[in-house]
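**Q** Please see the structure below; I have some questions.
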Amino acid sequence: MKAKLYPTAALTILSLAGLGGAQAATTMQNDALGIADAGISLTQAVTAAEQHVGGKASSAEYELDQGRGVFEVEVVKGSEVMDVQVDPTNGKVLSAENDKVDQGDDEDHECESESEAEEAND
């Protein structure tokens with residue numbers, strides 16, 4: 001009796017795990033897709049951030065921040081780097097603060113490390 005119960009239990013667990021993964025895949029989406037609802041373009045957000053700081057943008061993206069969409073622009077002025085948040089509905093600067101360390105860019109550094117490792121192996 002126990003021998004028949006184990007395969008059934010294993011099949012049930014695998015089925016439920018598959019359903020959970022499928023549900024997670026359908027509810028998760030890329031933050032960047034929210035840009036379709038923005039009232040301004042990424043270019044306009046970059047311009048607003050550059051004018052606010054008086055520097056040049058080095059990167060920009062649309063992200064969800066605490067449940068709401070925001071343009072995040074990194075602006076360089078001299079030896080300072082500023083993280084600027086721009087409202088996607090009206091283009092107003094919401095905040096600007098010094099970027100002490102690249103926060104949230106760990107993925108970029110991992111990719112760079114992997115690329116460097118691959119180059120070293122070639």
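Ordering of the structure tokens sets the chain letters (A, B, ...), residue numbers begin anew at 1 in every chain, and ligands are numbered from 1 in the order given.
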Determine, counting only C-alpha atoms, which protein, DNA and RNA residues have an atom within 9 Å of an atom of Thr47 in chain A; residues of the same chain fewer than 5 positions away are not included. Present the result as a PyMOL selection string.
**A** chain A and resi 42+52+56-57
**Q** Using C-alpha atoms, can you export the residues from the last selection as a CSV table (one decimal), in the first residue's frame?
**A**
```
chain,number,residue,atom,x,y,z
A,42,LEU,CA,12.5,58.5,-21.7
A,52,HIS,CA,18.0,69.7,-12.9
A,56,LYS,CA,25.0,64.5,-18.5
A,57,ALA,CA,23.0,61.3,-18.2
```
**Q** Enter the distance from CA of Gly39 in chain A to CA of Glu80 in chain A, in Å, rounded to one decimal.
**A** 29.3 Å
**Q** Using DSSP on the backbone, list every residue of range 39-113 of chain A that comes out as helix (DSSP H, G or I), and give them as number ranges by chain.
**A** A: 42-53, 106-113
**Q** Which polymer residues have any atom within 7 Å of an atom of range 61-78 of chain A, counting only C-alpha atoms, with same-chain residues fewer than 4 positions away left out, as a CSV table (one decimal) with C-alpha atoms, in the first residue's frame?
**A**
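Result file is out_34.csv:
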```csv
chain,number,residue,atom,x,y,z
A,31,ASP,CA,8.9,46.9,-15.1
A,32,ALA,CA,9.7,48.5,-18.5
A,34,GLY,CA,4.8,50.2,-17.7
A,35,ILE,CA,6.3,52.9,-19.9
A,45,ALA,CA,12.9,62.4,-18.6
A,46,VAL,CA,16.6,62.4,-19.3
A,49,ALA,CA,17.2,65.2,-15.0
A,50,GLU,CA,20.2,66.7,-16.9
A,54,GLY,CA,23.4,70.4,-14.8
A,55,GLY,CA,25.2,67.3,-16.0
A,56,LYS,CA,25.0,64.5,-18.5
A,57,ALA,CA,23.0,61.3,-18.2
A,82,MET,CA,23.4,61.8,-9.0
A,83,ASP,CA,20.5,59.5,-9.0
A,84,VAL,CA,17.5,61.4,-10.2
A,85,GLN,CA,13.9,60.2,-10.2
A,86,VAL,CA,11.5,61.8,-12.7
A,87,ASP,CA,7.7,61.6,-12.6
A,88,PRO,CA,6.6,59.8,-15.8
```
**Q** Would you mind telling me which residue in A:Lys100, A:Ser95, A:Ser59, A:Asn90 lies nearest to Asp37 in chain A when using only C-alpha atoms?
**A**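 Using only C-alpha atoms, the shortest distance to Asp37 in chain A belongs to A:Asn90.
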**Q** Record the distance separating CA of Leu33 in chain A and CA of Val53 in chain A, expressed in Å with one decimal.
**A** 27.1 Å
**Q** What's the separation between CA of Asp99 in chain A and CA of Ala60 in chain A, in Å to one decimal place?
**A**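 These atoms are spaced 13.9 Å apart.
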